[in-house]
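Below is model-v8.cif, holding mmCIF, C-alpha atoms.
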```cif
data_my_file
loop_
_atom_site.label_atom_id
_atom_site.label_comp_id
_atom_site.auth_asym_id
_atom_site.auth_seq_id
_atom_site.Cartn_x
_atom_site.Cartn_y
_atom_site.Cartn_z
CA MET G 2 27.67 8.02 -0.96
CA LYS G 3 27.91 11.74 -0.99
CA GLY G 4 25.43 14.22 0.36
CA THR G 5 24.32 11.99 3.19
CA ILE G 6 25.52 14.06 6.12
CA MET G 7 21.95 15.11 6.92
CA HIS G 8 21.07 11.46 7.29
CA GLU G 9 23.79 11.02 9.93
CA MET G 10 22.69 14.25 11.63
CA ALA G 11 19.22 12.82 12.10
CA VAL G 12 20.58 9.50 13.33
CA ALA G 13 22.98 11.24 15.74
CA ASP G 14 20.09 13.34 17.01
CA GLY G 15 18.08 10.18 17.68
CA ILE G 16 20.99 8.57 19.51
CA ILE G 17 21.53 11.66 21.67
CA LYS G 18 17.85 11.85 22.62
CA VAL G 19 17.79 8.21 23.74
CA ILE G 20 20.95 8.65 25.81
CA GLU G 21 19.76 11.89 27.40
CA GLU G 22 16.58 10.10 28.44
CA LYS G 23 18.67 7.35 30.03
CA LEU G 24 20.89 9.87 31.83
CA LYS G 25 17.94 11.45 33.61
CA GLY G 26 18.30 9.06 36.56
CA GLU G 27 22.07 9.63 36.80
CA ASP G 28 24.25 12.12 38.65
CA PRO G 29 23.92 15.44 36.72
CA GLN G 30 27.70 15.85 36.99
CA ALA G 31 28.31 12.57 35.20
CA GLU G 32 30.02 12.75 31.84
CA VAL G 33 29.70 10.16 29.13
CA SER G 34 33.10 8.97 27.96
CA GLN G 35 32.07 6.43 25.37
CA VAL G 36 29.00 5.36 23.40
CA ASN G 37 29.04 1.86 21.95
CA LEU G 38 27.00 1.43 18.79
CA LYS G 39 26.21 -1.37 16.39
CA ILE G 40 25.45 -0.13 12.92
CA GLY G 41 24.40 -2.37 10.06
CA LYS G 42 25.65 -1.61 6.57
CA LEU G 43 22.10 -1.57 5.21
CA THR G 44 21.33 1.60 7.14
CA CYS G 45 23.68 3.57 4.84
CA VAL G 46 25.10 5.36 7.87
CA GLU G 47 28.69 6.48 7.32
CA PRO G 48 30.61 6.07 10.61
CA GLU G 49 32.80 9.12 9.93
CA ALA G 50 29.86 11.38 9.12
CA LEU G 51 28.03 10.06 12.17
CA SER G 52 30.97 10.85 14.46
CA LEU G 53 31.20 14.35 13.03
CA SER G 54 27.45 14.94 13.44
CA PHE G 55 27.59 13.60 16.97
CA GLU G 56 30.46 15.93 17.82
CA ILE G 57 28.63 18.96 16.46
CA LEU G 58 25.36 18.15 18.20
CA THR G 59 26.85 17.36 21.61
CA ARG G 60 28.81 20.57 22.18
CA GLU G 61 28.02 21.94 25.62
CA THR G 62 26.20 18.79 26.72
CA PRO G 63 27.32 16.00 29.09
CA LEU G 64 28.11 14.02 25.94
CA ARG G 65 30.67 16.49 24.60
CA ASN G 66 33.69 14.32 25.38
CA ALA G 67 32.10 11.04 24.46
CA LEU G 68 33.83 8.88 21.92
CA LEU G 69 31.68 6.96 19.48
CA HIS G 70 32.70 3.35 19.24
CA ILE G 71 31.03 1.91 16.17
CA GLU G 72 30.89 -1.78 15.41
CA THR G 73 29.89 -2.22 11.78
CA ILE G 74 27.58 -5.15 11.14
CA PRO G 75 27.85 -6.80 7.71
CA ILE G 76 24.85 -7.60 5.56
CA THR G 77 24.30 -11.32 5.88
CA GLY G 78 21.48 -13.58 4.85
CA LYS G 79 20.49 -16.77 3.15
CA CYS G 80 19.84 -17.39 -0.52
CA LYS G 81 16.36 -18.81 -1.10
CA ASP G 82 17.55 -20.65 -4.21
CA CYS G 83 20.89 -22.25 -3.40
CA ARG G 84 20.15 -22.19 0.36
CA ARG G 85 23.65 -20.99 1.22
CA ASN G 86 24.42 -18.48 3.95
CA LEU G 87 25.96 -15.40 2.43
CA GLU G 88 27.44 -12.00 3.06
CA LEU G 89 26.78 -9.09 0.71
CA ASN G 90 29.77 -6.86 0.10
CA LYS G 91 28.00 -4.86 -2.55
CA LEU G 92 24.50 -3.46 -2.36
CA ASP G 93 23.46 -5.33 -5.48
CA PHE G 94 21.44 -7.90 -3.51
CA ALA G 95 22.69 -10.75 -5.66
CA CYS G 96 23.74 -14.08 -4.12
CA PRO G 97 27.53 -14.26 -4.53
CA PHE G 98 27.25 -18.02 -5.15
CA CYS G 99 24.43 -18.45 -7.65
CA GLY G 100 23.51 -14.87 -8.62
CA SER G 101 19.91 -15.19 -7.41
CA PHE G 102 18.17 -12.05 -6.16
CA ARG G 103 15.90 -14.00 -3.84
CA ILE G 104 17.69 -13.35 -0.58
CA ASP G 105 16.51 -13.32 3.01
CA ILE G 106 18.42 -10.62 4.85
CA LYS G 107 19.36 -11.56 8.42
CA THR G 108 21.69 -8.82 9.61
CA GLY G 109 22.66 -5.36 8.44
CA ARG G 110 19.67 -3.31 9.59
CA GLU G 111 21.02 -2.59 13.09
CA LEU G 112 21.06 0.93 14.43
CA SER G 113 21.59 0.07 18.03
CA ILE G 114 22.96 1.81 21.09
CA GLU G 115 24.52 -1.11 22.93
CA SER G 116 25.86 0.67 26.00
CA ILE G 117 27.34 3.89 27.32
CA GLU G 118 30.27 4.44 29.65
CA ILE G 119 30.13 7.24 32.18
CA GLU G 120 32.77 8.85 34.39
CA MET Z 18 34.08 4.36 34.83
CA ARG Z 19 30.70 2.67 34.80
CA LYS Z 20 29.06 0.93 31.92
CA ILE Z 21 25.32 1.25 31.40
CA THR Z 22 23.72 -1.30 29.11
CA MET Z 23 21.21 0.20 26.71
CA LEU Z 24 20.46 -2.27 23.89
CA THR Z 25 18.15 0.26 22.26
CA ASP Z 26 17.72 -0.05 18.51
CA LEU Z 27 16.54 3.18 16.91
CA LEU Z 28 14.99 1.38 13.97
CA GLU Z 29 13.23 -1.09 16.24
CA ALA Z 30 11.82 1.77 18.28
CA ASN Z 31 10.62 3.33 15.03
CA ASP Z 32 9.09 0.03 13.89
CA VAL Z 33 7.01 -0.24 17.06
CA ILE Z 34 5.42 3.16 16.44
CA ALA Z 35 4.98 2.34 12.75
CA MET Z 36 3.03 -0.75 13.74
CA GLU Z 37 0.74 1.37 15.93
CA ASN Z 38 0.18 3.73 13.00
CA ARG Z 39 -0.68 0.81 10.72
CA LYS Z 40 -3.26 -0.45 13.22
CA VAL Z 41 -4.91 2.96 13.28
CA PHE Z 42 -5.01 3.03 9.47
CA ASP Z 43 -6.50 -0.46 9.36
CA ARG Z 44 -9.12 0.36 11.94
CA ASN Z 45 -10.20 3.31 9.84
CA ARG Z 46 -10.03 1.28 6.60
CA ILE Z 47 -7.44 3.63 5.17
CA LEU Z 48 -4.95 2.78 2.47
CA ALA Z 49 -1.72 4.54 3.47
CA LEU Z 50 1.02 5.09 0.90
CA ASN Z 51 4.56 6.33 1.46
CA LEU Z 52 5.73 8.32 -1.55
CA MET Z 53 9.49 8.61 -1.99
CA SER Z 54 11.71 10.23 -4.60
CA SER Z 55 14.66 12.51 -5.23
CA PRO Z 56 13.92 16.23 -5.01
CA GLY Z 57 12.03 17.42 -8.06
CA ALA Z 58 10.93 14.03 -9.40
CA GLY Z 59 7.34 15.20 -9.46
CA LYS Z 60 5.73 13.68 -6.35
CA THR Z 61 3.53 16.68 -5.70
CA THR Z 62 2.42 16.94 -9.34
CA VAL Z 63 1.53 13.23 -9.31
CA LEU Z 64 -0.50 13.87 -6.16
CA GLU Z 65 -2.25 16.89 -7.63
CA LYS Z 66 -3.30 14.97 -10.73
CA THR Z 67 -4.35 11.94 -8.72
CA ILE Z 68 -6.56 13.97 -6.40
CA ASP Z 69 -7.92 15.83 -9.39
CA LYS Z 70 -8.90 12.59 -11.15
CA LEU Z 71 -10.15 10.52 -8.22
CA GLY Z 72 -11.21 13.20 -5.77
CA LYS Z 73 -14.90 12.49 -6.33
CA ARG Z 74 -14.50 8.79 -5.73
CA PHE Z 75 -12.15 8.76 -2.73
CA HIS Z 76 -11.56 10.96 0.28
CA PHE Z 77 -7.88 11.80 0.23
CA ALA Z 78 -5.60 13.22 2.89
CA VAL Z 79 -1.92 14.13 2.63
CA ILE Z 80 0.88 14.27 5.15
CA GLU Z 81 3.51 16.41 3.53
CA GLY Z 82 7.15 16.16 4.57
CA ASP Z 83 9.72 18.82 3.78
CA VAL Z 84 12.92 20.00 5.36
CA ALA Z 85 11.74 23.61 5.09
CA THR Z 86 8.82 25.63 3.67
CA SER Z 87 5.21 24.63 3.26
CA ASN Z 88 5.10 25.29 -0.51
CA ASP Z 89 3.87 21.78 -1.32
CA ALA Z 90 1.08 21.97 1.24
CA LYS Z 91 0.02 25.28 -0.29
CA ARG Z 92 -0.11 23.69 -3.73
CA LEU Z 93 -2.48 21.02 -2.39
CA ALA Z 94 -4.67 23.47 -0.47
CA LYS Z 95 -6.93 24.13 -3.44
CA TYR Z 96 -8.28 20.57 -3.35
CA LYS Z 97 -9.98 21.15 0.01
CA ILE Z 98 -8.62 17.95 1.50
CA PRO Z 99 -6.86 17.56 4.85
CA VAL Z 100 -3.16 18.36 4.41
CA VAL Z 101 -0.75 18.30 7.33
CA GLN Z 102 2.71 19.71 6.83
CA ILE Z 103 5.68 18.26 8.70
CA THR Z 104 8.72 20.50 8.46
CA THR Z 105 11.73 18.64 9.78
CA GLU Z 106 13.64 21.84 10.50
CA THR Z 107 12.22 21.42 13.97
CA PHE Z 108 13.70 17.90 14.11
CA GLY Z 109 17.26 19.00 13.31
CA GLY Z 110 16.56 19.14 9.58
CA ALA Z 111 16.09 15.38 9.28
CA CYS Z 112 16.19 14.06 5.72
CA HIS Z 113 13.45 11.51 6.26
CA LEU Z 114 10.16 11.20 8.04
CA ASP Z 115 9.92 8.75 10.91
CA ALA Z 116 6.95 6.96 12.41
CA ASN Z 117 6.77 9.32 15.35
CA MET Z 118 6.45 12.43 13.18
CA VAL Z 119 3.70 10.72 11.18
CA GLN Z 120 1.88 9.68 14.34
CA ARG Z 121 1.77 13.28 15.49
CA ALA Z 122 0.57 14.47 12.09
CA MET Z 123 -2.16 11.81 12.00
CA GLN Z 124 -3.69 13.28 15.12
CA LYS Z 125 -4.51 16.42 13.18
CA ILE Z 126 -6.66 14.56 10.65
CA ASP Z 127 -10.16 13.16 11.10
CA LEU Z 128 -9.17 9.69 9.92
CA SER Z 129 -12.71 8.35 9.98
CA LYS Z 130 -13.36 10.43 6.86
CA VAL Z 131 -10.28 9.34 4.89
CA ASP Z 132 -10.00 6.55 2.29
CA ILE Z 133 -6.48 7.05 0.97
CA LEU Z 134 -3.68 8.78 2.84
CA PHE Z 135 -0.55 9.85 1.00
CA ILE Z 136 2.56 10.43 3.05
CA GLU Z 137 4.86 12.48 0.86
CA ASN Z 138 8.31 11.76 2.17
CA ILE Z 139 11.22 14.15 1.99
CA GLY Z 140 12.93 14.30 -1.39
CA ASN Z 141 15.80 11.88 -0.86
CA LEU Z 142 16.47 8.32 -1.98
CA ILE Z 143 18.86 7.28 0.76
CA CYS Z 144 17.31 6.94 4.16
CA PRO Z 145 13.51 7.17 3.84
CA ALA Z 146 13.63 3.51 2.83
CA GLU Z 147 14.82 2.48 6.27
CA PHE Z 148 12.06 4.13 8.25
CA ASP Z 149 8.74 2.33 8.25
CA LEU Z 150 6.01 4.91 8.78
CA GLY Z 151 3.15 2.46 9.11
CA GLU Z 152 2.22 2.70 5.44
CA HIS Z 153 0.83 -0.27 3.52
CA LYS Z 154 2.83 0.33 0.35
CA LYS Z 155 5.92 2.25 -0.61
CA VAL Z 156 5.87 4.02 -3.96
CA ILE Z 157 8.98 5.49 -5.61
CA VAL Z 158 8.66 8.26 -8.13
CA LEU Z 159 11.69 8.44 -10.41
CA SER Z 160 11.81 11.06 -13.10
CA LEU Z 161 13.34 10.18 -16.42
CA THR Z 162 15.71 13.14 -16.14
CA GLU Z 163 17.58 11.41 -13.32
CA GLY Z 164 19.34 8.92 -15.57
CA GLU Z 165 19.47 5.16 -15.86
CA ASP Z 166 21.63 4.38 -12.86
CA LYS Z 167 19.52 5.66 -9.94
CA PRO Z 168 18.33 2.14 -9.02
CA SER Z 169 21.93 0.88 -8.92
CA LYS Z 170 23.05 3.88 -6.86
CA TYR Z 171 20.24 3.68 -4.33
CA PRO Z 172 19.46 -0.04 -4.19
CA VAL Z 173 18.04 -0.05 -0.68
CA VAL Z 174 15.09 2.18 -1.49
CA PHE Z 175 14.37 0.29 -4.72
CA ARG Z 176 14.58 -3.05 -3.00
CA ASN Z 177 12.10 -2.04 -0.32
CA SER Z 178 9.45 -0.56 -2.57
CA ASP Z 179 6.17 -1.88 -3.93
CA LEU Z 180 5.74 0.26 -7.03
CA LEU Z 181 7.94 2.39 -9.25
CA LEU Z 182 6.47 5.30 -11.17
CA VAL Z 183 8.79 6.48 -13.95
CA ASN Z 184 7.64 10.06 -14.35
CA LYS Z 185 8.21 12.75 -17.01
CA MET Z 186 7.87 10.29 -19.88
CA ASP Z 187 6.91 13.27 -22.07
CA LEU Z 188 10.61 14.25 -22.03
CA TRP Z 189 11.86 10.90 -23.26
CA SER Z 190 12.50 11.91 -26.86
CA TYR Z 191 14.60 14.87 -25.73
CA LEU Z 192 16.73 13.12 -23.16
CA GLY Z 193 18.31 10.22 -25.00
CA ILE Z 194 17.78 8.06 -21.93
CA ASN Z 195 18.12 4.31 -22.38
CA LEU Z 196 14.82 3.26 -20.84
CA ASN Z 197 15.55 -0.45 -21.19
CA LEU Z 198 18.76 -0.03 -19.23
CA LEU Z 199 16.87 1.81 -16.50
CA LEU Z 200 14.32 -1.00 -16.32
CA ARG Z 201 17.05 -3.67 -16.36
CA ASN Z 202 18.90 -1.92 -13.52
CA THR Z 203 15.66 -1.82 -11.56
CA LYS Z 204 14.83 -5.49 -12.16
CA LYS Z 205 18.27 -6.48 -10.96
CA ILE Z 206 17.66 -4.91 -7.58
CA ASN Z 207 14.00 -5.83 -7.25
CA PRO Z 208 12.80 -8.38 -9.82
CA LYS Z 209 9.18 -8.19 -8.68
CA LEU Z 210 8.80 -4.41 -8.56
CA PRO Z 211 5.86 -3.32 -10.77
CA ILE Z 212 6.79 -0.36 -12.98
CA ILE Z 213 4.42 2.20 -14.46
CA LYS Z 214 5.71 4.71 -16.99
CA LEU Z 215 3.78 7.95 -16.98
CA SER Z 216 3.78 11.67 -17.33
CA ALA Z 217 1.93 13.59 -14.67
CA LYS Z 218 2.00 16.55 -17.03
CA THR Z 219 0.55 15.04 -20.22
CA GLU Z 220 -1.24 12.23 -18.32
CA GLU Z 221 0.28 9.58 -20.58
CA GLY Z 222 0.20 6.29 -18.67
CA PHE Z 223 -1.62 7.90 -15.78
CA LYS Z 224 -4.58 5.52 -16.02
CA SER Z 225 -2.42 2.54 -15.07
CA TRP Z 226 -1.38 4.31 -11.87
CA LEU Z 227 -4.97 5.17 -10.98
CA GLU Z 228 -5.92 1.58 -11.67
CA TRP Z 229 -3.15 0.33 -9.35
CA LEU Z 230 -4.36 2.72 -6.68
CA ARG Z 231 -7.98 1.57 -7.01
CA LYS Z 232 -6.91 -2.06 -6.74
CA GLN Z 233 -4.84 -1.45 -3.65
CA TYR Z 234 -7.73 0.36 -2.04
CA GLN Z 235 -10.14 -2.45 -2.85
CA LYS Z 236 -7.79 -5.00 -1.33
CA LYS Z 237 -7.51 -2.88 1.80
CA SER Z 238 -11.13 -2.02 2.31
CA GLY Z 239 -12.48 -5.36 1.12
CA SER Z 240 -15.08 -3.63 -1.00
#
```
Hey, can you dump this file as structure tokens for me?
Amino acid sequence: MKGTIMHEMAVADGIIKVIEEKLKGEDPQAEVSQVNLKIGKLTCVEPEALSLSFEILTRETPLRNALLHIETIPITGKCKDCRRNLELNKLDFACPFCGSFRIDIKTGRELSIESIEIE
Amino acid sequence: MRKITMLTDLLEANDVIAMENRKVFDRNRILALNLMSSPGAGKTTVLEKTIDKLGKRFHFAVIEGDVATSNDAKRLAKYKIPVVQITTETFGGACHLDANMVQRAMQKIDLSKVDILFIENIGNLICPAEFDLGEHKKVIVLSLTEGEDKPSKYPVVFRNSDLLLVNKMDLWSYLGINLNLLLRNTKKINPKLPIIKLSAKTEEGFKSWLEWLRKQYQKKSGS
């Protein structure tokens, strides 16, 4: 999807704020070397655009050298009609087995900061 | 190297605040609606007409989201209702409203005097869908000029919504838009989504929208 960079900017901003809050109790000299994220495909966050936004927003902060490690979480769920567990590879919300649109989504909405690594 | 576990989900954090907002709305017997669309689909015109038509019957308030400028808030000023502008420039130019921004805006309104609160989201069909603001219903405004494939291109927002207003119906005969295809594309993504075709300009179909609004309010207030 094009034109979404602002979306990632806002998400990156949120991530940075949460981490900065967490860093308050740490050594002010500490530098973050890696941020581990879990991002569900339903959030429409593009990993590349997020990394770029993160890089831009963290210049001259203790996060400037941090690498974003993004684990992408697929959209999974269960079809209410054929009762099968499924994974959606397209955002058409149709059961790949029976074509039903009655689907319970289980994963894919994650936007989670799992952990950070500091030096 | 030391690893610090965080396990903080940004959307979960948002959802917690959204739930608080919803409780405040419920306590004040307010129907809160989140209005979403692409830029220029006619959200503000729909609002103007709605307030114009039902302003005697309901006390309205509007939380107005924009990346920059307060032009929309100025347009609504003439109705003498509470309007709070959120300009997300101060939030890094965010392309959506989140529950926290809405919570702050709510504090500027005397909610005990409000029946229906419109939260006009930022013109964008991508991410507003993901951020629960505490509203009771999500309404998408799609203008006919945007083509038949918007629902297929932005399925997440269409899937999560409770009502679709197809606006600018007065332009239909000029546009050569295949309305059935648009409706079919919508049904594919969200089979249960109610659809109202209208023109905020000529007021064609507008009654059905006002009727929907009245019904939702009755359900909410129990009156």
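In this model, the gap between atom CA of Glu47 of chain G and atom CA of Glu111 of chain G comes to 13.2 Å.
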Taking all atoms listed in the file into account, find every residue of chain G that has an atom no more than 6 Å from chain Z, and write it out as a compact mmCIF listing (two decimals) with C-alpha atoms, keeping the file's coordinate frame.
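Saved the output as part-v1.txt:
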```txt
# COMPACT_ATOMS: atom_id res chain seq x y z
CA MET G 7 21.95 15.11 6.92
CA HIS G 8 21.07 11.46 7.29
CA ALA G 11 19.22 12.82 12.10
CA LEU G 112 21.06 0.93 14.43
CA SER G 113 21.59 0.07 18.03
CA ILE G 114 22.96 1.81 21.09
CA GLU G 115 24.52 -1.11 22.93
CA SER G 116 25.86 0.67 26.00
CA ILE G 117 27.34 3.89 27.32
CA GLU G 118 30.27 4.44 29.65
CA ILE G 119 30.13 7.24 32.18
CA GLU G 120 32.77 8.85 34.39
```
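Candidate residues Z:Leu196, Z:Ile126, Z:Met186, Z:Leu227 were compared for distance to Gly59 of chain Z, and the nearest is Z:Met186, using all atoms listed in the file.
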Got a sec: who's within 9 Å of Lys185 of chain Z, counting only C-alpha atoms, leaving out chain neighbours fewer than 6 positions off, as a PyMOL selection string?
-> chain Z and resi 58-59+159-162+214-219
Mind telling me what the PyMOL selection byres ((chain Z and resi 114-117) around 10) catches here, as a ChimeraX atom specification?
-> /Z:28,30-39,51,81-84,103-105,108,111-113,118-123,136-139,144-152
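Distance annotation: of G:Ser101, G:Thr108, G:Ser54, G:Gln35, the residue with the minimal separation from His70 of chain G is G:Gln35; atom set is all atoms listed in the file.
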Go ahead and fit an axis-aligned box to every listed atom of segment 80-85 of chain Z plus 5 Å each side, and pass me the centre and edge lengths in Å, one decimal, as AutoDock Vina command-line options.
```
--center_x 6.9 --center_y 18.9 --center_z 4.4 --size_x 22.0 --size_y 19.3 --size_z 11.8
```
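Distance-wise, atom CA of Pro99 of chain Z and atom CA of Ala78 of chain Z end up 4.9 Å apart.
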Arg110 of chain G proximity check over G:Leu58, G:Leu53, G:Ile17, G:Ile76, using all atoms listed in the file: winner is G:Ile76
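Here atom CA of Pro63 of chain G is placed at a distance of 14.8 Å from atom CA of Ala13 of chain G.
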Can you give me, as a PyMOL selection string, the residues this file yields under the PyMOL selection byres ((chain Z and resi 49) around 6)?
-> chain Z and resi 48+50+133-135+152-153
